[in-house]
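Q: upload_15.cif (mmCIF, C-alpha atoms and all ligand atoms) pasted underneath:
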data_final
#
loop_
_atom_site.label_atom_id
_atom_site.label_comp_id
_atom_site.auth_asym_id
_atom_site.auth_seq_id
_atom_site.Cartn_x
_atom_site.Cartn_y
_atom_site.Cartn_z
CA MET F 1 -26.76 53.15 -81.62
CA GLU F 2 -23.38 54.75 -81.64
CA SER F 3 -20.62 52.85 -83.37
CA LEU F 4 -17.36 52.26 -81.48
CA LEU F 5 -15.35 50.41 -84.11
CA LYS F 6 -15.71 50.29 -87.86
CA VAL F 7 -13.79 47.80 -89.99
CA SER F 8 -13.77 48.27 -93.77
CA GLY F 9 -12.31 46.04 -96.44
CA LEU F 10 -9.92 44.19 -94.11
CA GLN F 11 -7.61 41.84 -95.99
CA VAL F 12 -5.06 39.70 -94.15
CA SER F 13 -2.63 37.19 -95.65
CA PHE F 14 0.07 34.86 -94.40
CA GLU F 15 3.19 34.41 -96.53
CA MET F 16 4.07 30.74 -96.28
CA ALA F 17 6.71 28.68 -98.04
CA ALA F 18 3.93 27.09 -100.11
CA GLY F 19 2.45 30.46 -101.08
CA GLU F 20 0.14 33.12 -99.74
CA VAL F 21 -2.80 32.12 -97.55
CA GLN F 22 -5.59 34.68 -97.96
CA ALA F 23 -6.99 34.27 -94.46
CA VAL F 24 -9.26 37.33 -94.42
CA ARG F 25 -10.57 38.51 -97.77
CA GLY F 26 -12.16 41.93 -97.50
CA VAL F 27 -14.24 41.97 -94.34
CA SER F 28 -16.37 44.94 -93.25
CA PHE F 29 -18.41 45.27 -90.05
CA HIS F 30 -18.96 47.57 -87.10
CA LEU F 31 -19.31 47.21 -83.35
CA ASN F 32 -21.72 49.45 -81.47
CA LYS F 33 -21.04 50.83 -78.00
CA GLY F 34 -22.09 48.40 -75.27
CA GLU F 35 -23.27 45.60 -77.56
CA THR F 36 -22.11 42.02 -78.07
CA LEU F 37 -21.30 41.07 -81.66
CA ALA F 38 -20.55 37.38 -82.16
CA ILE F 39 -18.38 36.31 -85.08
CA VAL F 40 -19.21 32.70 -85.88
CA GLY F 41 -17.84 30.20 -88.36
CA GLU F 42 -15.92 26.96 -88.67
CA SER F 43 -12.27 26.86 -87.66
CA GLY F 44 -10.13 28.35 -90.41
CA SER F 45 -12.90 30.74 -91.48
CA GLY F 46 -10.79 33.73 -90.47
CA LYS F 47 -12.56 34.78 -87.28
CA SER F 48 -9.53 34.74 -84.94
CA VAL F 49 -7.29 36.37 -87.56
CA THR F 50 -9.88 39.12 -87.96
CA ALA F 51 -10.03 39.69 -84.20
CA LEU F 52 -6.25 39.71 -83.74
CA SER F 53 -5.77 42.06 -86.68
CA LEU F 54 -7.98 44.65 -85.01
CA VAL F 55 -5.26 45.27 -82.43
CA ARG F 56 -2.37 44.38 -84.76
CA LEU F 57 -1.57 41.19 -82.90
CA ILE F 58 -1.25 38.75 -85.79
CA PRO F 59 2.27 37.30 -85.91
CA SER F 60 4.11 39.33 -88.53
CA PRO F 61 5.83 37.88 -90.45
CA PRO F 62 4.28 35.70 -91.78
CA GLY F 63 1.02 37.62 -91.26
CA LYS F 64 0.30 40.88 -93.01
CA VAL F 65 -2.67 43.22 -93.16
CA LYS F 66 -2.80 43.90 -96.89
CA SER F 67 -5.49 46.51 -96.90
CA GLY F 68 -8.41 47.94 -95.02
CA GLU F 69 -9.27 50.41 -92.31
CA ILE F 70 -9.99 49.83 -88.63
CA ILE F 71 -11.47 53.01 -87.27
CA TYR F 72 -11.71 53.10 -83.49
CA GLN F 73 -13.03 56.35 -81.99
CA GLY F 74 -11.93 58.26 -85.08
CA LYS F 75 -8.42 56.74 -85.31
CA ASP F 76 -7.25 54.13 -87.81
CA LEU F 77 -5.66 51.46 -85.62
CA LEU F 78 -3.69 50.18 -88.61
CA LYS F 79 -1.91 53.53 -88.99
CA LEU F 80 -1.33 54.32 -85.32
CA PRO F 81 2.28 54.40 -84.04
CA GLU F 82 3.05 51.26 -81.97
CA ARG F 83 3.36 53.36 -78.76
CA GLU F 84 -0.14 54.76 -79.08
CA LEU F 85 -1.60 51.40 -79.99
CA PHE F 86 0.08 49.89 -76.95
CA LYS F 87 -1.75 52.41 -74.75
CA ILE F 88 -5.09 51.50 -76.30
CA ARG F 89 -4.49 47.75 -76.00
CA GLY F 90 -5.29 46.70 -72.47
CA SER F 91 -6.67 50.03 -71.30
CA GLU F 92 -9.36 50.71 -73.91
CA ILE F 93 -9.47 47.37 -75.71
CA GLY F 94 -9.19 44.33 -73.44
CA MET F 95 -8.55 40.80 -74.64
CA ILE F 96 -9.49 37.35 -73.39
CA PHE F 97 -8.22 34.26 -75.14
CA GLN F 98 -9.17 30.61 -75.15
CA ASP F 99 -6.31 29.36 -73.05
CA PRO F 100 -5.79 31.32 -69.82
CA ILE F 101 -2.77 29.26 -68.79
CA SER F 102 -0.70 30.46 -71.72
CA SER F 103 -1.92 34.03 -71.30
CA LEU F 104 -0.97 34.28 -67.62
CA ASN F 105 2.62 34.42 -66.42
CA PRO F 106 3.22 31.21 -64.41
CA THR F 107 6.08 32.75 -62.38
CA MET F 108 4.12 35.72 -61.04
CA THR F 109 1.27 35.76 -58.55
CA VAL F 110 -2.12 36.50 -59.97
CA GLY F 111 -2.35 39.66 -57.86
CA LYS F 112 0.95 41.02 -59.13
CA GLN F 113 -0.15 40.49 -62.73
CA ILE F 114 -3.42 42.31 -62.24
CA ILE F 115 -1.74 45.13 -60.28
CA GLU F 116 0.95 45.57 -62.95
CA GLY F 117 -1.72 45.67 -65.64
CA ILE F 118 -3.65 48.32 -63.76
CA ARG F 119 -0.57 50.45 -62.97
CA TRP F 120 0.72 50.21 -66.53
CA HIS F 121 -2.36 51.95 -67.83
CA GLN F 122 -3.51 54.07 -64.89
CA LYS F 123 -1.49 56.45 -62.78
CA ILE F 124 -2.32 55.02 -59.36
CA GLY F 125 -0.21 53.79 -56.43
CA VAL F 126 0.39 50.16 -55.46
CA THR F 127 -2.08 50.21 -52.57
CA ALA F 128 -4.89 51.60 -54.70
CA ALA F 129 -4.05 49.14 -57.49
CA LYS F 130 -4.12 46.27 -55.03
CA GLU F 131 -7.50 47.38 -53.74
CA LYS F 132 -8.73 47.51 -57.31
CA ALA F 133 -7.35 44.01 -57.99
CA VAL F 134 -9.19 42.58 -54.97
CA GLN F 135 -12.32 44.40 -56.13
CA MET F 136 -12.01 42.88 -59.60
CA LEU F 137 -11.49 39.35 -58.27
CA THR F 138 -14.57 39.80 -56.09
CA LEU F 139 -16.52 41.05 -59.09
CA VAL F 140 -15.71 37.95 -61.13
CA GLY F 141 -16.78 35.72 -58.26
CA ILE F 142 -13.47 34.45 -56.90
CA PRO F 143 -13.88 33.55 -53.21
CA ASN F 144 -11.31 34.85 -50.67
CA PRO F 145 -9.78 37.37 -53.07
CA GLU F 146 -7.39 38.79 -50.41
CA LYS F 147 -5.82 35.37 -50.06
CA ARG F 148 -6.10 34.31 -53.71
CA ILE F 149 -4.26 37.42 -54.85
CA ALA F 150 -1.00 36.00 -53.46
CA GLN F 151 -1.33 32.70 -55.36
CA TYR F 152 0.14 31.58 -58.67
CA PRO F 153 -1.89 30.68 -61.80
CA HIS F 154 -1.32 26.92 -61.32
CA GLU F 155 -3.14 27.14 -57.97
CA PHE F 156 -6.36 28.05 -59.80
CA SER F 157 -8.72 25.71 -61.68
CA GLY F 158 -9.32 26.30 -65.42
CA GLY F 159 -12.59 28.10 -64.74
CA MET F 160 -11.04 30.26 -62.00
CA ARG F 161 -8.08 31.13 -64.27
CA GLN F 162 -10.51 32.25 -66.93
CA ARG F 163 -12.20 34.44 -64.30
CA VAL F 164 -8.78 35.91 -63.48
CA MET F 165 -8.29 36.69 -67.18
CA ILE F 166 -11.64 38.45 -67.27
CA ALA F 167 -10.75 40.39 -64.10
CA MET F 168 -7.47 41.47 -65.73
CA ALA F 169 -9.14 42.41 -68.99
CA LEU F 170 -11.83 44.44 -67.23
CA ALA F 171 -9.60 46.04 -64.56
CA CYS F 172 -9.00 49.10 -66.73
CA SER F 173 -12.69 49.41 -67.69
CA PRO F 174 -12.11 48.90 -71.40
CA LYS F 175 -14.61 50.28 -73.88
CA MET F 176 -14.26 47.10 -75.87
CA LEU F 177 -13.41 43.49 -75.11
CA ILE F 178 -12.21 40.97 -77.67
CA ALA F 179 -13.04 37.49 -76.41
CA ASP F 180 -11.72 34.70 -78.65
CA GLU F 181 -13.39 31.38 -77.74
CA PRO F 182 -13.23 32.43 -74.06
CA THR F 183 -14.94 29.31 -72.77
CA THR F 184 -13.99 26.60 -75.28
CA ALA F 185 -11.41 24.98 -73.00
CA LEU F 186 -13.86 24.73 -70.09
CA ASP F 187 -16.59 22.26 -69.25
CA VAL F 188 -20.14 23.15 -70.15
CA THR F 189 -21.36 24.25 -66.70
CA ILE F 190 -18.36 26.54 -66.18
CA GLN F 191 -18.77 27.84 -69.76
CA ALA F 192 -22.31 28.94 -68.97
CA GLN F 193 -21.20 30.57 -65.69
CA ILE F 194 -18.39 32.50 -67.38
CA MET F 195 -20.61 33.71 -70.21
CA ARG F 196 -23.27 34.83 -67.73
CA LEU F 197 -20.58 36.63 -65.76
CA MET F 198 -19.32 38.45 -68.86
CA LYS F 199 -22.87 39.55 -69.66
CA GLU F 200 -23.41 40.80 -66.09
CA LEU F 201 -20.14 42.73 -66.13
CA GLN F 202 -21.05 44.17 -69.50
CA LYS F 203 -24.30 45.52 -68.05
CA LYS F 204 -22.36 47.21 -65.24
CA THR F 205 -19.50 48.58 -67.31
CA GLY F 206 -21.08 49.18 -70.73
CA THR F 207 -18.18 47.41 -72.43
CA ALA F 208 -18.77 46.32 -76.03
CA ILE F 209 -17.84 42.68 -76.63
CA LEU F 210 -16.56 41.15 -79.84
CA LEU F 211 -17.10 37.46 -79.20
CA ILE F 212 -15.40 34.90 -81.42
CA THR F 213 -17.03 31.51 -81.14
CA HIS F 214 -18.12 28.40 -82.97
CA ASP F 215 -20.78 27.71 -80.36
CA LEU F 216 -24.26 28.75 -81.48
CA GLY F 217 -25.69 28.07 -78.01
CA VAL F 218 -23.40 30.74 -76.57
CA VAL F 219 -24.39 33.08 -79.40
CA ALA F 220 -28.10 32.60 -78.71
CA GLU F 221 -27.60 33.34 -75.03
CA THR F 222 -25.25 36.30 -75.22
CA ALA F 223 -25.06 38.12 -78.56
CA ASP F 224 -27.04 41.12 -79.80
CA ARG F 225 -25.81 40.72 -83.37
CA VAL F 226 -24.08 37.97 -85.32
CA ALA F 227 -21.56 38.02 -88.17
CA VAL F 228 -21.15 34.72 -90.03
CA MET F 229 -17.73 34.09 -91.61
CA TYR F 230 -16.88 31.54 -94.23
CA GLY F 231 -13.64 31.06 -96.14
CA GLY F 232 -12.20 34.41 -95.05
CA SER F 233 -15.35 36.37 -95.96
CA LEU F 234 -18.32 37.69 -94.03
CA VAL F 235 -21.31 36.03 -95.63
CA GLU F 236 -24.13 37.31 -93.43
CA THR F 237 -24.55 39.86 -90.62
CA GLY F 238 -27.68 40.62 -88.64
CA LEU F 239 -29.47 40.86 -85.33
CA VAL F 240 -29.56 37.54 -83.45
CA SER F 241 -33.24 37.17 -84.36
CA GLU F 242 -32.50 37.84 -88.05
CA ILE F 243 -29.74 35.25 -88.16
CA PHE F 244 -31.58 32.57 -86.16
CA TYR F 245 -35.06 33.03 -87.61
CA GLN F 246 -34.66 34.82 -90.96
CA ALA F 247 -31.26 33.70 -92.23
CA ARG F 248 -30.82 34.23 -95.96
CA HIS F 249 -27.41 32.71 -96.72
CA PRO F 250 -27.21 28.99 -97.56
CA TYR F 251 -24.14 28.60 -95.35
CA THR F 252 -26.05 30.05 -92.38
CA TRP F 253 -28.92 27.64 -93.17
CA GLY F 254 -26.39 24.84 -93.06
CA LEU F 255 -25.14 25.95 -89.65
CA LEU F 256 -28.66 26.17 -88.28
CA ALA F 257 -30.12 23.17 -90.09
CA SER F 258 -29.80 20.58 -87.39
CA MET F 259 -30.59 22.81 -84.46
CA PRO F 260 -33.92 22.23 -82.73
CA ARG F 261 -35.91 25.27 -83.68
CA MET F 262 -37.35 26.34 -80.35
CA ASP F 263 -34.36 25.65 -78.19
CA TRP F 264 -31.17 27.01 -79.69
CA SER F 265 -29.45 27.14 -76.34
CA LYS F 266 -29.31 23.33 -76.06
CA GLN F 267 -27.18 23.13 -79.19
CA ARG F 268 -23.52 23.37 -78.26
CA GLU F 269 -21.55 22.76 -81.46
CA LEU F 270 -21.77 23.70 -85.11
CA GLN F 271 -22.77 20.74 -87.24
CA PRO F 272 -20.51 19.73 -90.09
CA ILE F 273 -21.71 20.59 -93.57
CA PRO F 274 -20.75 18.16 -96.36
CA GLY F 275 -17.62 19.14 -98.33
CA SER F 276 -14.58 21.14 -97.29
CA PRO F 277 -13.88 24.86 -97.03
CA PRO F 278 -12.15 26.62 -99.95
CA ASP F 279 -8.39 26.43 -100.43
CA LEU F 280 -7.22 29.82 -99.18
CA PHE F 281 -3.91 29.45 -101.03
CA ASP F 282 -5.93 29.69 -104.20
CA PRO F 283 -9.42 30.93 -103.35
CA PRO F 284 -12.14 30.57 -105.96
CA PRO F 285 -13.00 33.76 -107.91
CA GLY F 286 -16.69 33.45 -107.03
CA CYS F 287 -18.61 32.72 -103.85
CA PRO F 288 -16.40 30.92 -101.31
CA PHE F 289 -19.30 28.55 -100.53
CA ALA F 290 -20.06 27.63 -104.16
CA ASP F 291 -18.51 24.14 -104.03
CA ARG F 292 -20.68 23.13 -101.06
CA CYS F 293 -23.82 25.11 -101.82
CA PRO F 294 -26.87 23.17 -103.01
CA TYR F 295 -28.20 26.34 -104.69
CA ALA F 296 -25.03 27.33 -106.60
CA MET F 297 -25.65 28.88 -110.04
CA ASN F 298 -23.17 29.73 -112.80
CA ALA F 299 -22.65 33.25 -111.49
CA CYS F 300 -21.69 31.82 -108.09
CA HIS F 301 -18.60 30.14 -109.53
CA GLU F 302 -17.54 33.20 -111.51
CA GLU F 303 -17.98 36.28 -109.39
CA MET F 304 -18.00 37.11 -105.70
CA PRO F 305 -21.61 37.94 -104.72
CA PRO F 306 -22.12 41.60 -103.73
CA GLU F 307 -23.37 42.46 -100.24
CA THR F 308 -27.09 43.23 -100.14
CA ASP F 309 -28.92 44.98 -97.30
CA VAL F 310 -32.09 43.04 -96.64
CA SER F 311 -32.99 45.22 -93.65
CA PRO F 312 -31.23 48.17 -91.98
CA THR F 313 -29.50 45.65 -89.70
CA HIS F 314 -29.30 42.57 -91.94
CA ARG F 315 -26.76 42.14 -94.74
CA VAL F 316 -26.02 39.13 -96.89
CA ALA F 317 -23.52 38.28 -99.63
CA CYS F 318 -25.28 35.78 -101.89
CA TRP F 319 -26.34 35.72 -105.54
CA LEU F 320 -29.78 34.47 -104.47
CA GLU F 321 -30.49 38.10 -103.52
CA HIS F 322 -30.13 39.11 -107.18
CA PRO F 323 -33.51 40.13 -108.65
CA GLU F 324 -33.11 37.60 -111.47
CA ALA F 325 -32.09 34.68 -109.24
CA PRO F 326 -34.53 31.76 -108.99
CA SER F 327 -36.59 31.86 -105.80
CA VAL F 328 -35.76 29.43 -103.05
CA ASP F 329 -38.09 28.22 -100.33
CA ARG F 330 -36.11 29.72 -97.46
CA GLU F 331 -38.38 28.38 -94.80
CA LYS F 332 -37.86 24.85 -96.06
CA ALA F 333 -34.20 25.33 -96.89
CA GLY F 334 -33.39 26.65 -93.45
CA TYR F 335 -35.01 23.95 -91.40
CA LYS F 336 -34.81 20.75 -93.35
FE1 LIG M 1 -24.77 29.51 -102.81
FE2 LIG M 1 -24.37 31.10 -104.87
FE3 LIG M 1 -25.32 32.11 -102.63
FE4 LIG M 1 -22.79 31.33 -102.76
S1 LIG M 1 -23.73 33.01 -103.88
S2 LIG M 1 -24.20 30.88 -101.14
S3 LIG M 1 -22.96 29.56 -104.09
S4 LIG M 1 -26.32 30.62 -103.96
MG MG M 2 -9.67 30.49 -83.57
#
Mind converting the file's structure to structure tokens?
A:
Amino acid sequence: MESLLKVSGLQVSFEMAAGEVQAVRGVSFHLNKGETLAIVGESGSGKSVTALSLVRLIPSPPGKVKSGEIIYQGKDLLKLPERELFKIRGSEIGMIFQDPISSLNPTMTVGKQIIEGIRWHQKIGVTAAKEKAVQMLTLVGIPNPEKRIAQYPHEFSGGMRQRVMIAMALACSPKMLIADEPTTALDVTIQAQIMRLMKELQKKTGTAILLITHDLGVVAETADRVAVMYGGSLVETGLVSEIFYQARHPYTWGLLASMPRMDWSKQRELQPIPGSPPDLFDPPPGCPFADRCPYAMNACHEEMPPETDVSPTHRVACWLEHPEAPSVDREKAGYK
């Protein structure tokens, strides 16, 4: 599969009065053309910061990308002049956020917002843009699009507003879509509808989706690959089947532990794991999970575990992969 985006060694910090929060601590991953990669983890694990950094949208100050490379179609997005990045944002990389009400302009009709978005990035006239807007609203399943186009965001329900956001994000046929908890604010039935819709649109348009979520049910239903984040680090990456059935990182086992094995899709929320995440003002020198890990060894507290490829598509950062580490009954550990 051809890679569309490649992130290497991304480090992002926030300079706060109390000190520096190391929100993302050296994250590397790639996104293939047309696939869905889900980034999962508890809140505060760094998933949203990672996603926003890709298009340089973290609030700065206090946020700062300290190092790393984000190569998109041969260009490092971190080094691109703002003007060029602006062109890519919206036209080639679309974005959908959790809360459509704050992402839509309340004083402008929905149609006008979509039309402006289209015209900003494509050289087409108002009539053609309007046609395209109606087409997009139809595509995302909004009834009476010709009439709805003249209405304001508050005249739409939460689920319909999220559809409008998707229509806007997809209007310019982006190669990549960043969707940060796109359905979290919606009720479960609408969540499922919206996710199904995104998958359908992806099949038609070939858009790659980077999906940020804490919902493993959504991951099971929609993702091709999964990246698990913990304490600002990527701890495990693999195909959905590798993460759900052959996970190798104790944190991933913890996430999966209480899920019924044969029916992942019924599980909606991540289960809490005893203990609290590491203090990112003063992160531990070793594995970020060491304080909560039942398998922690001396090395775990001293040195960050290296990333090990356990298959061409499956990578894990854990000292248990070291040839001299004691063996652990993974089958039992994963599904206790
Ligand atoms: Fe647990 Fe050590 Fe692996 Fe971290 S590196 S997850 S502490 S065994
Ligand atoms: Mg978030």
Q: Please report as JSON lines every residue of chain F lying within 9 Å of ligand MG 2 (chain M), along with the nearest atom pair and their distance in Å (one decimal), using all atoms listed in the file.
A:
{"residue": "F:Glu42", "atom": "CA", "partner": "M:MG2", "partner_atom": "MG", "distance": 8.8}
{"residue": "F:Ser43", "atom": "CA", "partner": "M:MG2", "partner_atom": "MG", "distance": 6.1}
{"residue": "F:Gly44", "atom": "CA", "partner": "M:MG2", "partner_atom": "MG", "distance": 7.2}
{"residue": "F:Ser45", "atom": "CA", "partner": "M:MG2", "partner_atom": "MG", "distance": 8.5}
{"residue": "F:Gly46", "atom": "CA", "partner": "M:MG2", "partner_atom": "MG", "distance": 7.7}
{"residue": "F:Lys47", "atom": "CA", "partner": "M:MG2", "partner_atom": "MG", "distance": 6.4}
{"residue": "F:Ser48", "atom": "CA", "partner": "M:MG2", "partner_atom": "MG", "distance": 4.5}
{"residue": "F:Val49", "atom": "CA", "partner": "M:MG2", "partner_atom": "MG", "distance": 7.5}
{"residue": "F:Gln98", "atom": "CA", "partner": "M:MG2", "partner_atom": "MG", "distance": 8.4}
{"residue": "F:Asp180", "atom": "CA", "partner": "M:MG2", "partner_atom": "MG", "distance": 6.8}
{"residue": "F:Glu181", "atom": "CA", "partner": "M:MG2", "partner_atom": "MG", "distance": 7.0}
{"residue": "F:Ile212", "atom": "CA", "partner": "M:MG2", "partner_atom": "MG", "distance": 7.5}
{"residue": "F:Thr213", "atom": "CA", "partner": "M:MG2", "partner_atom": "MG", "distance": 7.8}
{"residue": "F:His214", "atom": "CA", "partner": "M:MG2", "partner_atom": "MG", "distance": 8.7}
Q: Enumerate residues in contact with ligand LIG 1 (chain M): an atom-to-atom distance of at most 6 Å, counting all atoms listed in the file. Format the result as a PyMOL selection string.
A: chain F and resi 249-250+287+289-290+293+295-297+300+305+318-320
Q: Between F:Ile142, F:Val126, F:Ile93, F:Val134, which is the closest to Gly111 in chain F once you count all atoms listed in the file?
A: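 The shortest atom-to-atom distance to Gly111 in chain F comes from F:Val134.
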Q: With a distance cut-off of 12 Å and only C-alpha atoms, select the neighbouring residues of Ser60 in chain F, excluding the residue or stretch itself and same-chain residues fewer than 3 positions from it, and output the selection as a PyMOL selection string.
A: chain F and resi 12-16+49+52-53+56-57+63-66
Q: Include C-alpha atoms and write out the residues we just selected as a PDB file, in the frame of the given file.
A:
ATOM      1  CA  VAL F  12      -5.060  39.700 -94.150  1.00  0.00           C
ATOM      2  CA  SER F  13      -2.630  37.190 -95.650  1.00  0.00           C
ATOM      3  CA  PHE F  14       0.070  34.860 -94.400  1.00  0.00           C
ATOM      4  CA  GLU F  15       3.190  34.410 -96.530  1.00  0.00           C
ATOM      5  CA  MET F  16       4.070  30.740 -96.280  1.00  0.00           C
ATOM      6  CA  VAL F  49      -7.290  36.370 -87.560  1.00  0.00           C
ATOM      7  CA  LEU F  52      -6.250  39.710 -83.740  1.00  0.00           C
ATOM      8  CA  SER F  53      -5.770  42.060 -86.680  1.00  0.00           C
ATOM      9  CA  ARG F  56      -2.370  44.380 -84.760  1.00  0.00           C
ATOM     10  CA  LEU F  57      -1.570  41.190 -82.900  1.00  0.00           C
ATOM     11  CA  GLY F  63       1.020  37.620 -91.260  1.00  0.00           C
ATOM     12  CA  LYS F  64       0.300  40.880 -93.010  1.00  0.00           C
ATOM     13  CA  VAL F  65      -2.670  43.220 -93.160  1.00  0.00           C
ATOM     14  CA  LYS F  66      -2.800  43.900 -96.890  1.00  0.00           C
TER      15      LYS F  66
END
Q: With a distance cut-off of 7 Å and all atoms listed in the file, select the neighbouring residues of Tyr230 in chain F, excluding the residue or stretch itself and same-chain residues fewer than 4 positions from it, and output the selection as a list in words.
A: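 Once the adjacent positions are removed, what remains is Gly41, Ser45, Leu234 and Val235 of chain F.
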Q: Just to confirm, what's the straight-line distance from CA of Phe156 in chain F to CA of Gly117 in chain F in Å (one decimal)?
A: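 According to the coordinates, CA of Phe156 in chain F and CA of Gly117 in chain F are separated by 19.1 Å.
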Q: Quick one: everything within 9 Å of Gly94 in chain F, counting all atoms listed in the file, minus sequence neighbours fewer than 4 positions away in the same chain. Send it as a list in words.
A: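 After dropping sequence-adjacent residues, the list is Ile88, Arg89, Gly90, Ile166, Met168, Ala169, Leu170, Cys172, Ser173, Pro174, Lys175, Met176, Leu177, Ile178 and Ala179 of chain F.
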Q: Would you mind telling me which residue in F:Arg163, F:His30, F:Arg225, F:His154 lies nearest to Leu10 in chain F when using only C-alpha atoms?
A: F:His30
Q: With only C-alpha atoms as the basis for distance, which of F:Val316, F:Thr308, F:Met198, F:Thr205 is at the shortest distance from Gln246 in chain F?
A: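 Checking each of F:Val316, F:Thr308, F:Met198, F:Thr205 against Gln246 in chain F, counting only C-alpha atoms, the winner is F:Val316.
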Q: State, in Å with one decimal place, the distance from CA of Arg148 in chain F to CA of Gln191 in chain F.
A: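 CA of Arg148 in chain F sits 21.4 Å away from CA of Gln191 in chain F.
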Q: Considering only C-alpha atoms, return as a PyMOL selection string whatever protein or nucleic-acid residues lie within 7 Å of Ser3 in chain F, sequence-local ones (same chain, fewer than 4 positions apart) excluded.
A: chain F and resi 30-33
Q: Compare F:Leu54, F:Val218, F:Ile114, F:Ala223 by their minimum atom-to-atom distance to Leu85 in chain F, counting all atoms listed in the file, and give me the closest one.
A: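 Ranked by minimum distance to Leu85 in chain F, first place goes to F:Leu54.
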